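Below is one structure, written out as structure tokens; comments come after it.
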Amino acid sequence: MLSDIHAIGRDPRTGGYRRFAWSDADMLLREWFTGEAAVRGMEVDEDGNGNQFASWGGAGSEGDRDALLIGSHLDSVPDGGAYDGPLGVVSSFAAVDQLRAEGFVPSRPVVIANFADEEGARFGIACAGSQLVTGALDADEALGLKDRDGQTLAEVMTGRGRDPRTVGRTDLLDRIGTFVELHVEQGRSLVHSGAAVGVATAIWPHGRWRFDFCGEANHAGATPMEDRHDPMQAYAATVLVARRLATEAGARATFGRLEVEPGGTNAIPSRIRAWLDARAADEGQLERLVDALVAEAQDAADADATAVTLTAESVSPAVAFDVPLRDRLATLLDAPVLPTGAGHDAGVLSAHVPTAMLFVRNPTGVSHSPEEFAEDADCRAGVIALAAVVRDLS
């Protein structure tokens with residue numbers, strides 16, 4: 001199955017994937033998901049948010065909260081890897097195949113999810129599909145989000161034949177009793193432990209903030225250095241201090257996206273928009289990190305008579321996965337437990353239903369990059385582990 005989707009959304013120059021929400025690549029992956037479900041005789045439902053659900057043994061009844069949800073997502077970050085998201089979806093279909101081959105009949109509905117726009121690469125909000133389905137993200141706010149071409153989510157969905165009026169909270173939480181998401185590890189904990197599969201304990205709190213550095217556009221050759229109000233200087237100083245503050249705190253701070261206006265090689269910029277991704281072991285530490293960084297950015301801007309403002313685009317609290325479920329799976333699989341600094345749909349749903357995550361070893365430790373990888377043998381171990389979990393929970 002991974003081979004079947006290998007070429008979809010892949011950039012031949014970089015080897016990375018550009019599977020953004022509602023793009024042509026995303027639509028092809030949705031068709032693939034529907035086709036895989038059809039081959040297995042599984043019924044597929046798509047909610048108003050674009051989340052897809054393939055059901056084995058029914059989709060679950062509203063109010064029963066008895067269905068077992070597995071799966072992940074199929075979208076990617078810019079130049080992402082082949083495993084982040086798709087491994088969880090493919091492994092879910094493969095686990096169903098294994099259980100059926102054994103003659104297993106689940107005592108509760110088993111539902112495979114393909115959550116929409118988990119990465120947030122197009123509209124800037126991570127886990128948008130799961131946040132909408134749980135009500136954590138307001139529908140009107142989501143529909144007004146714009147991509148880099150200025151198109152709103154409402155316009156994009158309409159162009160794909162969807163009705164924006166159906167966006168928002170659904171009855172999924174009234175039908176689902178448990179969610180287990182399999183994912184490639186985004187780190188090297190399993191490499192160090194020597195295990196192919198691990199069980200997650202928690203997700204660090206994290207968020208995305210936009211810094212707007214504003215100054216005065218001018219001529220790069222005619223304006224003396226001492227007469228400039230160049231916002232690039234404050235931005236550059238902020239990037240450097242972010243590394244220092246995060247390193248000192250054992251946290252994470254990354255500026256990975258930048259927009260410069262007017263963007264001329266021979267022009268001093270008037271505005272810098274820079275997006276910060278910050279993560280820490282607890283919410284207090286994250287808040288202190290961002291506050292300290294804003295203070296440093298303000299000092300740097302004041303030095304050049306420029307200005308800086310901060311906008312919080314999305315902030316996710318710390319997530320501790322359901323302890324009884326986590327311990328049950330770790331014992332069942334004889335697997336190590338480990339935390340993660342990455343966000344997931346499982347983190348969103350964990351506030352509403354007992355949730356757990358399985359990680360598959362990544363020998364490179366690299367993720368969100370074409371270098372992301374998992375050995376075939378470890379992927380098979382992940383399928384075997386997920387099948388054991390489905391068998392045990394249903």
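Following the order of the structure tokens, first chain is A, next is B, and so on, with residues numbered from 1 inside each chain and ligands from 1 in the order they appear.
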
Next on the checklist: With DSSP run on the backbone, what are the helix (DSSP H, G or I) residues within region 20-169 of chain A? I'd like them as a VMD selection string.
Outcome noted: chain A and resid 24 to 39 86 to 101 128 to 134 139 to 143 153 to 159 164 to 166

Store the residues of this selection in a file with C-alpha atoms, as a tab-separated table (two decimals), in the first residue's frame.
chain	number	residue	atom	x	y	z
A	24	ASP	CA	-4.82	17.53	-6.10
A	25	ALA	CA	-2.51	15.17	-4.19
A	26	ASP	CA	-4.84	15.16	-1.20
A	27	MET	CA	-7.83	14.38	-3.42
A	28	LEU	CA	-5.98	11.45	-4.99
A	29	LEU	CA	-5.14	10.11	-1.54
A	30	ARG	CA	-8.79	10.40	-0.55
A	31	GLU	CA	-9.72	8.35	-3.59
A	32	TRP	CA	-7.07	5.79	-2.64
A	33	PHE	CA	-8.48	5.57	0.91
A	34	THR	CA	-12.00	5.02	-0.42
A	35	GLY	CA	-10.72	2.38	-2.83
A	36	GLU	CA	-8.85	0.45	-0.14
A	37	ALA	CA	-11.97	0.45	2.00
A	38	ALA	CA	-14.12	-0.71	-0.91
A	39	VAL	CA	-11.78	-3.64	-1.65
A	86	PRO	CA	0.37	7.39	5.92
A	87	LEU	CA	2.08	4.66	7.96
A	88	GLY	CA	-0.76	4.84	10.48
A	89	VAL	CA	-3.47	4.62	7.85
A	90	VAL	CA	-1.78	1.84	5.87
A	91	SER	CA	-1.02	-0.12	9.05
A	92	SER	CA	-4.67	0.12	10.07
A	93	PHE	CA	-5.86	-1.47	6.82
A	94	ALA	CA	-3.09	-4.10	7.13
A	95	ALA	CA	-4.08	-4.89	10.73
A	96	VAL	CA	-7.68	-5.44	9.61
A	97	ASP	CA	-6.39	-7.74	6.87
A	98	GLN	CA	-4.39	-9.77	9.38
A	99	LEU	CA	-7.28	-10.12	11.80
A	100	ARG	CA	-9.68	-11.15	9.05
A	101	ALA	CA	-7.20	-13.74	7.81
A	128	ALA	CA	-7.77	21.09	11.88
A	129	GLY	CA	-9.92	18.09	11.01
A	130	SER	CA	-9.87	16.59	14.50
A	131	GLN	CA	-10.16	20.00	16.15
A	132	LEU	CA	-13.28	20.74	14.13
A	133	VAL	CA	-14.89	17.37	14.83
A	134	THR	CA	-14.40	17.86	18.59
A	139	ALA	CA	-16.20	26.49	12.37
A	140	ASP	CA	-16.45	30.14	11.33
A	141	GLU	CA	-12.86	30.77	12.35
A	142	ALA	CA	-11.72	27.75	10.33
A	143	LEU	CA	-13.70	28.70	7.23
A	153	LEU	CA	-10.92	27.29	3.49
A	154	ALA	CA	-14.58	27.89	2.61
A	155	GLU	CA	-13.67	28.77	-0.98
A	156	VAL	CA	-11.33	25.79	-1.33
A	157	MET	CA	-13.87	23.33	0.05
A	158	THR	CA	-16.58	24.73	-2.21
A	159	GLY	CA	-14.27	24.27	-5.17
A	164	PRO	CA	-18.90	24.73	4.06
A	165	ARG	CA	-22.14	24.90	6.02
A	166	THR	CA	-21.49	21.35	7.25

Applying 7 Å and only C-alpha atoms, which residues near Phe321 (chain A) remain after dropping the ones on its own chain fewer than 3 positions away? List them as a PDB file with C-alpha atoms, in the first residue's frame.
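Contents of the output file result-v7.pdb:
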ATOM      1  CA  THR A 201       3.010   8.595  27.451  1.00  0.00           C
ATOM      2  CA  ALA A 202       2.393  12.263  26.646  1.00  0.00           C
ATOM      3  CA  ARG A 326      -1.368   3.119  28.005  1.00  0.00           C
ATOM      4  CA  SER A 350      -7.534  12.491  24.143  1.00  0.00           C
ATOM      5  CA  THR A 355      -6.631   7.539  23.646  1.00  0.00           C
ATOM      6  CA  ALA A 356      -3.253   5.912  23.097  1.00  0.00           C
TER       7      ALA A 356
END

Checklist entry - Any idea what's packed within 6 Å of region 49-56 of chain A, counting only C-alpha atoms, ignoring anything in its chain fewer than 2 positions away? Could you give it as a PyMOL selection string? => result chain A and resi 42-47+58-59+109-116+129+167

Could you save the residues just selected, with N, CA, C and O atoms, as a PDB file, in the first residue's frame?
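Output (out_32.pdb):
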ATOM      1  N   MET A  42     -15.610  -2.291   3.221  1.00  0.00           N
ATOM      2  CA  MET A  42     -15.819  -1.357   4.337  1.00  0.00           C
ATOM      3  C   MET A  42     -16.533  -0.108   3.837  1.00  0.00           C
ATOM      4  O   MET A  42     -16.171   0.456   2.805  1.00  0.00           O
ATOM      5  N   GLU A  43     -17.515   0.313   4.572  1.00  0.00           N
ATOM      6  CA  GLU A  43     -18.272   1.513   4.219  1.00  0.00           C
ATOM      7  C   GLU A  43     -17.483   2.748   4.624  1.00  0.00           C
ATOM      8  O   GLU A  43     -16.883   2.803   5.697  1.00  0.00           O
ATOM      9  N   VAL A  44     -17.454   3.762   3.739  1.00  0.00           N
ATOM     10  CA  VAL A  44     -16.723   4.993   4.014  1.00  0.00           C
ATOM     11  C   VAL A  44     -17.689   6.163   4.177  1.00  0.00           C
ATOM     12  O   VAL A  44     -18.577   6.366   3.351  1.00  0.00           O
ATOM     13  N   ASP A  45     -17.505   6.909   5.245  1.00  0.00           N
ATOM     14  CA  ASP A  45     -18.240   8.152   5.471  1.00  0.00           C
ATOM     15  C   ASP A  45     -17.241   9.293   5.520  1.00  0.00           C
ATOM     16  O   ASP A  45     -16.146   9.142   6.065  1.00  0.00           O
ATOM     17  N   GLU A  46     -17.633  10.432   4.939  1.00  0.00           N
ATOM     18  CA  GLU A  46     -16.828  11.652   5.064  1.00  0.00           C
ATOM     19  C   GLU A  46     -17.676  12.687   5.779  1.00  0.00           C
ATOM     20  O   GLU A  46     -18.799  12.977   5.356  1.00  0.00           O
ATOM     21  N   ASP A  47     -17.157  13.229   6.884  1.00  0.00           N
ATOM     22  CA  ASP A  47     -17.943  14.237   7.593  1.00  0.00           C
ATOM     23  C   ASP A  47     -17.778  15.596   6.928  1.00  0.00           C
ATOM     24  O   ASP A  47     -17.063  15.749   5.935  1.00  0.00           O
ATOM     25  N   GLY A  58     -19.674  -1.925  11.074  1.00  0.00           N
ATOM     26  CA  GLY A  58     -20.537  -0.785  11.362  1.00  0.00           C
ATOM     27  C   GLY A  58     -19.726   0.400  11.846  1.00  0.00           C
ATOM     28  O   GLY A  58     -18.577   0.273  12.260  1.00  0.00           O
ATOM     29  N   ALA A  59     -20.344   1.574  11.802  1.00  0.00           N
ATOM     30  CA  ALA A  59     -19.657   2.803  12.177  1.00  0.00           C
ATOM     31  C   ALA A  59     -19.879   3.163  13.641  1.00  0.00           C
ATOM     32  O   ALA A  59     -19.335   4.153  14.129  1.00  0.00           O
ATOM     33  N   PRO A 109     -17.574  -2.139  16.684  1.00  0.00           N
ATOM     34  CA  PRO A 109     -17.158  -1.598  15.390  1.00  0.00           C
ATOM     35  C   PRO A 109     -15.706  -1.119  15.440  1.00  0.00           C
ATOM     36  O   PRO A 109     -15.272  -0.537  16.439  1.00  0.00           O
ATOM     37  N   VAL A 110     -14.973  -1.376  14.370  1.00  0.00           N
ATOM     38  CA  VAL A 110     -13.607  -0.877  14.216  1.00  0.00           C
ATOM     39  C   VAL A 110     -13.607   0.105  13.050  1.00  0.00           C
ATOM     40  O   VAL A 110     -14.030  -0.245  11.946  1.00  0.00           O
ATOM     41  N   VAL A 111     -13.146   1.325  13.291  1.00  0.00           N
ATOM     42  CA  VAL A 111     -13.223   2.395  12.301  1.00  0.00           C
ATOM     43  C   VAL A 111     -11.821   2.932  12.025  1.00  0.00           C
ATOM     44  O   VAL A 111     -11.075   3.254  12.956  1.00  0.00           O
ATOM     45  N   ILE A 112     -11.468   3.005  10.736  1.00  0.00           N
ATOM     46  CA  ILE A 112     -10.176   3.561  10.326  1.00  0.00           C
ATOM     47  C   ILE A 112     -10.380   5.005   9.896  1.00  0.00           C
ATOM     48  O   ILE A 112     -11.237   5.302   9.064  1.00  0.00           O
ATOM     49  N   ALA A 113      -9.577   5.912  10.455  1.00  0.00           N
ATOM     50  CA  ALA A 113      -9.713   7.337  10.157  1.00  0.00           C
ATOM     51  C   ALA A 113      -8.598   7.834   9.246  1.00  0.00           C
ATOM     52  O   ALA A 113      -7.452   7.409   9.351  1.00  0.00           O
ATOM     53  N   ASN A 114      -8.975   8.738   8.361  1.00  0.00           N
ATOM     54  CA  ASN A 114      -8.030   9.609   7.666  1.00  0.00           C
ATOM     55  C   ASN A 114      -8.436  11.025   8.039  1.00  0.00           C
ATOM     56  O   ASN A 114      -9.372  11.587   7.473  1.00  0.00           O
ATOM     57  N   PHE A 115      -7.756  11.591   9.049  1.00  0.00           N
ATOM     58  CA  PHE A 115      -8.106  12.931   9.497  1.00  0.00           C
ATOM     59  C   PHE A 115      -7.583  13.982   8.522  1.00  0.00           C
ATOM     60  O   PHE A 115      -6.477  13.883   8.012  1.00  0.00           O
ATOM     61  N   ALA A 116      -8.404  14.989   8.276  1.00  0.00           N
ATOM     62  CA  ALA A 116      -8.073  16.034   7.309  1.00  0.00           C
ATOM     63  C   ALA A 116      -7.117  17.061   7.916  1.00  0.00           C
ATOM     64  O   ALA A 116      -7.246  17.428   9.083  1.00  0.00           O
ATOM     65  N   GLY A 129      -8.802  19.014  11.147  1.00  0.00           N
ATOM     66  CA  GLY A 129      -9.922  18.086  11.007  1.00  0.00           C
ATOM     67  C   GLY A 129     -10.397  17.549  12.334  1.00  0.00           C
ATOM     68  O   GLY A 129     -11.608  17.523  12.612  1.00  0.00           O
ATOM     69  N   VAL A 167     -19.354  22.238   8.038  1.00  0.00           N
ATOM     70  CA  VAL A 167     -18.126  22.223   8.835  1.00  0.00           C
ATOM     71  C   VAL A 167     -18.472  22.434  10.308  1.00  0.00           C
ATOM     72  O   VAL A 167     -19.305  23.265  10.653  1.00  0.00           O
TER      73      VAL A 167
END

Item to check | Atomic separation - CA of Asp282 (chain A) relative to CA of Val348 (chain A), Å | outcome: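 Separation of CA of Val348 (chain A) and CA of Asp282 (chain A): 16.7 Å.
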
Checklist entry - When distances are computed from only C-alpha atoms, which of A:Pro205, A:Gly343, A:Gly9, A:Gly135 shows the smallest separation from Leu173 (chain A)? => result A:Gly135

Item to check | Atomic separation - CA of Leu276 (chain A) relative to CA of Trp209 (chain A), Å | outcome: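 The value is 5.1 Å.
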
Write out, as a Markdown table, each residue of region 257-291 of chain A that has an atom at most 10 Å from region 217-233 of chain A, together with the closest pair of atoms and their distance in Å to one decimal, counting only C-alpha atoms, rows going by chain and rising number.
| residue | atom | partner | partner_atom | distance |
| --- | --- | --- | --- | --- |
| A:Val260 | CA | A:Met232 | CA | 8.6 |
| A:Glu261 | CA | A:Ala217 | CA | 8.5 |
| A:Pro262 | CA | A:Ala217 | CA | 7.9 |
| A:Gly264 | CA | A:Ala220 | CA | 9.4 |
| A:Thr265 | CA | A:Ala220 | CA | 8.2 |
| A:Asn266 | CA | A:Ala220 | CA | 5.0 |
| A:Ala267 | CA | A:Ala220 | CA | 4.9 |
| A:Ile268 | CA | A:Asn218 | CA | 5.1 |
| A:Pro269 | CA | A:Ala217 | CA | 5.0 |
| A:Ser270 | CA | A:Ala217 | CA | 4.4 |
| A:Arg271 | CA | A:Pro231 | CA | 6.4 |
| A:Ile272 | CA | A:Pro231 | CA | 6.5 |
| A:Arg273 | CA | A:Pro231 | CA | 9.8 |

Can you write just those residues out, C-alpha atoms, as a CSV table (one decimal), in the first residue's frame?
chain,number,residue,atom,x,y,z
A,260,VAL,CA,9.5,39.6,3.5
A,261,GLU,CA,7.8,42.7,2.0
A,262,PRO,CA,8.4,44.1,-0.5
A,264,GLY,CA,13.4,43.2,-3.3
A,265,THR,CA,17.1,42.3,-3.3
A,266,ASN,CA,18.0,46.0,-3.4
A,267,ALA,CA,15.4,47.2,-0.9
A,268,ILE,CA,15.3,47.4,2.8
A,269,PRO,CA,12.1,45.6,3.9
A,270,SER,CA,9.1,47.2,5.4
A,271,ARG,CA,7.7,44.1,7.1
A,272,ILE,CA,8.8,40.7,8.1
A,273,ARG,CA,6.3,38.0,9.0

Item to check | Distance query region 17-21 of chain A at most 6 Å, only C-alpha atoms, self and fewer than 5 positions along chain excluded, as a PyMOL selection string | outcome: chain A and resi 9-11+26+75-76+78-80+117+122

Item to check | Residue nearest His192 (chain A) - candidates A:Ala320, A:Ala301, A:Leu338, A:Val241, atoms counted: only C-alpha atoms | outcome: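 The answer is A:Leu338, which sits nearest to His192 (chain A).
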
Next on the checklist: Between CA of Ala330 (chain A) and CA of Leu286 (chain A), what distance in Å does the model show, to one decimal?
Outcome noted: 28.8 Å

Checklist entry - Within 9 Å of Trp204 (chain A), counting only C-alpha atoms, which residues qualify if same-chain residues fewer than 6 places away don't, as a list in words? => result Arg279, Ala280, Ala281, Asp282, Glu283, Ser316, Pro317, Ala318, Val319, Ala320, Pro339, Thr340, Gly341, Ala342 and Gly343 of chain A

Save the residues we just selected, N, CA, C and O atoms, as a compact mmCIF listing (two decimals), in the first residue's frame?
# COMPACT_ATOMS: atom_id res chain seq x y z
N ARG A 279 7.85 24.52 21.64
CA ARG A 279 7.39 23.35 22.40
C ARG A 279 8.24 23.24 23.66
O ARG A 279 9.42 23.58 23.65
N ALA A 280 7.60 22.74 24.73
CA ALA A 280 8.33 22.58 25.99
C ALA A 280 7.71 21.44 26.78
O ALA A 280 6.62 20.95 26.46
N ALA A 281 8.40 21.05 27.84
CA ALA A 281 7.97 19.89 28.62
C ALA A 281 6.70 20.14 29.41
O ALA A 281 5.97 19.21 29.73
N ASP A 282 6.44 21.42 29.76
CA ASP A 282 5.19 21.74 30.45
C ASP A 282 4.72 23.13 30.02
O ASP A 282 5.47 23.90 29.41
N GLU A 283 3.48 23.43 30.35
CA GLU A 283 2.87 24.66 29.85
C GLU A 283 3.51 25.91 30.45
O GLU A 283 3.66 26.93 29.76
N SER A 316 -1.61 24.45 21.81
CA SER A 316 -2.15 23.19 22.30
C SER A 316 -1.55 22.87 23.66
O SER A 316 -0.33 22.93 23.83
N PRO A 317 -2.39 22.53 24.65
CA PRO A 317 -1.87 22.22 25.98
C PRO A 317 -1.17 20.87 26.01
O PRO A 317 -1.22 20.10 25.05
N ALA A 318 -0.56 20.59 27.13
CA ALA A 318 0.07 19.27 27.32
C ALA A 318 -1.00 18.18 27.30
O ALA A 318 -2.13 18.40 27.71
N VAL A 319 -0.61 17.03 26.77
CA VAL A 319 -1.51 15.89 26.69
C VAL A 319 -0.87 14.71 27.41
O VAL A 319 0.24 14.32 27.09
N ALA A 320 -1.58 14.17 28.39
CA ALA A 320 -1.17 12.91 29.03
C ALA A 320 -2.17 11.85 28.58
O ALA A 320 -3.36 11.97 28.84
N PRO A 339 7.69 9.73 25.71
CA PRO A 339 6.95 10.94 25.38
C PRO A 339 7.27 11.40 23.97
O PRO A 339 8.18 10.87 23.32
N THR A 340 6.55 12.41 23.49
CA THR A 340 6.82 12.97 22.17
C THR A 340 6.64 14.48 22.21
O THR A 340 5.77 14.99 22.91
N GLY A 341 7.47 15.16 21.44
CA GLY A 341 7.33 16.61 21.31
C GLY A 341 6.47 17.01 20.14
O GLY A 341 6.26 18.19 19.90
N ALA A 342 5.95 16.03 19.41
CA ALA A 342 5.15 16.31 18.22
C ALA A 342 3.67 16.24 18.54
O ALA A 342 3.24 15.45 19.39
N GLY A 343 2.87 17.06 17.85
CA GLY A 343 1.43 17.03 18.02
C GLY A 343 0.79 16.00 17.10
O GLY A 343 1.33 15.65 16.05

Item to check | Using only C-alpha atoms: which of A:Arg162, A:Phe213, A:Leu310, A:Gly81 has the shortest distance to Leu2 (chain A) | outcome: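 Ranked by minimum distance to Leu2 (chain A), first place goes to A:Gly81.
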
Item to check | Residue list (strand (DSSP E), DSSP) for region 216-365 of chain A, as a ChimeraX atom specification | outcome: /A:218-219,252-261,267-268,271-279,307-316,319-320,337-340,355-360

Checklist entry - Near Ala242 (chain A), within 10 Å and counting only C-alpha atoms, which residues show up once chain neighbours fewer than 5 positions away are dropped, as a ChimeraX atom specification? => result /A:236-237,247-248,252-255,276,278,289-290,292-294,296-297

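Using only C-alpha atoms for every distance, the candidate list A:Val77, A:Ile8, A:Ala200, A:Leu190 yields A:Val77 as the residue closest to Ser367 (chain A).
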
Next on the checklist: If we count only C-alpha atoms and set the cut-off at 9 Å, which residues sit around Leu386 (chain A), ignoring sequence neighbours fewer than 3 positions away in its own chain? Please answer as a PyMOL selection string.
Outcome noted: chain A and resi 70+91-92+95+180-182+358+381-383+389-391

Take the selection from the previous step and output its residues with N, CA, C and O atoms, as a PDB file, in the first residue's frame.
ATOM      1  N   ILE A  70      -9.080   3.671  14.871  1.00  0.00           N
ATOM      2  CA  ILE A  70      -7.648   3.598  14.597  1.00  0.00           C
ATOM      3  C   ILE A  70      -7.395   4.465  13.362  1.00  0.00           C
ATOM      4  O   ILE A  70      -8.314   5.043  12.801  1.00  0.00           O
ATOM      5  N   SER A  91      -1.118   0.924   8.028  1.00  0.00           N
ATOM      6  CA  SER A  91      -1.015  -0.124   9.046  1.00  0.00           C
ATOM      7  C   SER A  91      -2.385  -0.525   9.578  1.00  0.00           C
ATOM      8  O   SER A  91      -2.598  -1.682   9.955  1.00  0.00           O
ATOM      9  N   SER A  92      -3.313   0.424   9.600  1.00  0.00           N
ATOM     10  CA  SER A  92      -4.672   0.116  10.066  1.00  0.00           C
ATOM     11  C   SER A  92      -5.371  -0.831   9.105  1.00  0.00           C
ATOM     12  O   SER A  92      -5.997  -1.818   9.522  1.00  0.00           O
ATOM     13  N   ALA A  95      -3.686  -4.207   9.500  1.00  0.00           N
ATOM     14  CA  ALA A  95      -4.081  -4.895  10.727  1.00  0.00           C
ATOM     15  C   ALA A  95      -5.451  -5.546  10.568  1.00  0.00           C
ATOM     16  O   ALA A  95      -5.670  -6.672  11.029  1.00  0.00           O
ATOM     17  N   VAL A 180      -6.811   4.642  19.077  1.00  0.00           N
ATOM     18  CA  VAL A 180      -5.398   4.245  19.109  1.00  0.00           C
ATOM     19  C   VAL A 180      -4.783   4.633  17.763  1.00  0.00           C
ATOM     20  O   VAL A 180      -5.197   4.129  16.719  1.00  0.00           O
ATOM     21  N   GLU A 181      -3.815   5.516  17.791  1.00  0.00           N
ATOM     22  CA  GLU A 181      -3.155   5.990  16.569  1.00  0.00           C
ATOM     23  C   GLU A 181      -1.739   5.437  16.498  1.00  0.00           C
ATOM     24  O   GLU A 181      -0.959   5.582  17.447  1.00  0.00           O
ATOM     25  N   LEU A 182      -1.413   4.794  15.376  1.00  0.00           N
ATOM     26  CA  LEU A 182      -0.040   4.344  15.119  1.00  0.00           C
ATOM     27  C   LEU A 182       0.676   5.399  14.297  1.00  0.00           C
ATOM     28  O   LEU A 182       0.094   5.962  13.363  1.00  0.00           O
ATOM     29  N   LEU A 358       0.802   4.320  19.374  1.00  0.00           N
ATOM     30  CA  LEU A 358       1.913   3.404  19.154  1.00  0.00           C
ATOM     31  C   LEU A 358       2.919   4.088  18.235  1.00  0.00           C
ATOM     32  O   LEU A 358       2.527   4.736  17.259  1.00  0.00           O
ATOM     33  N   ALA A 381       6.218  -5.112  12.204  1.00  0.00           N
ATOM     34  CA  ALA A 381       6.055  -5.236  13.660  1.00  0.00           C
ATOM     35  C   ALA A 381       4.968  -4.294  14.160  1.00  0.00           C
ATOM     36  O   ALA A 381       4.206  -4.638  15.080  1.00  0.00           O
ATOM     37  N   GLY A 382       4.893  -3.125  13.554  1.00  0.00           N
ATOM     38  CA  GLY A 382       3.844  -2.186  13.921  1.00  0.00           C
ATOM     39  C   GLY A 382       2.467  -2.714  13.588  1.00  0.00           C
ATOM     40  O   GLY A 382       1.518  -2.559  14.371  1.00  0.00           O
ATOM     41  N   VAL A 383       2.328  -3.349  12.422  1.00  0.00           N
ATOM     42  CA  VAL A 383       1.045  -3.938  12.025  1.00  0.00           C
ATOM     43  C   VAL A 383       0.656  -5.053  12.993  1.00  0.00           C
ATOM     44  O   VAL A 383      -0.500  -5.134  13.442  1.00  0.00           O
ATOM     45  N   VAL A 389      -3.532  -5.044  19.420  1.00  0.00           N
ATOM     46  CA  VAL A 389      -4.303  -4.057  20.179  1.00  0.00           C
ATOM     47  C   VAL A 389      -5.775  -4.111  19.811  1.00  0.00           C
ATOM     48  O   VAL A 389      -6.656  -4.108  20.690  1.00  0.00           O
ATOM     49  N   VAL A 390      -6.068  -4.175  18.509  1.00  0.00           N
ATOM     50  CA  VAL A 390      -7.470  -4.256  18.070  1.00  0.00           C
ATOM     51  C   VAL A 390      -8.114  -5.531  18.611  1.00  0.00           C
ATOM     52  O   VAL A 390      -9.254  -5.510  19.093  1.00  0.00           O
ATOM     53  N   ARG A 391      -7.373  -6.635  18.545  1.00  0.00           N
ATOM     54  CA  ARG A 391      -7.901  -7.907  19.073  1.00  0.00           C
ATOM     55  C   ARG A 391      -8.206  -7.796  20.559  1.00  0.00           C
ATOM     56  O   ARG A 391      -9.248  -8.228  21.041  1.00  0.00           O
TER      57      ARG A 391
END
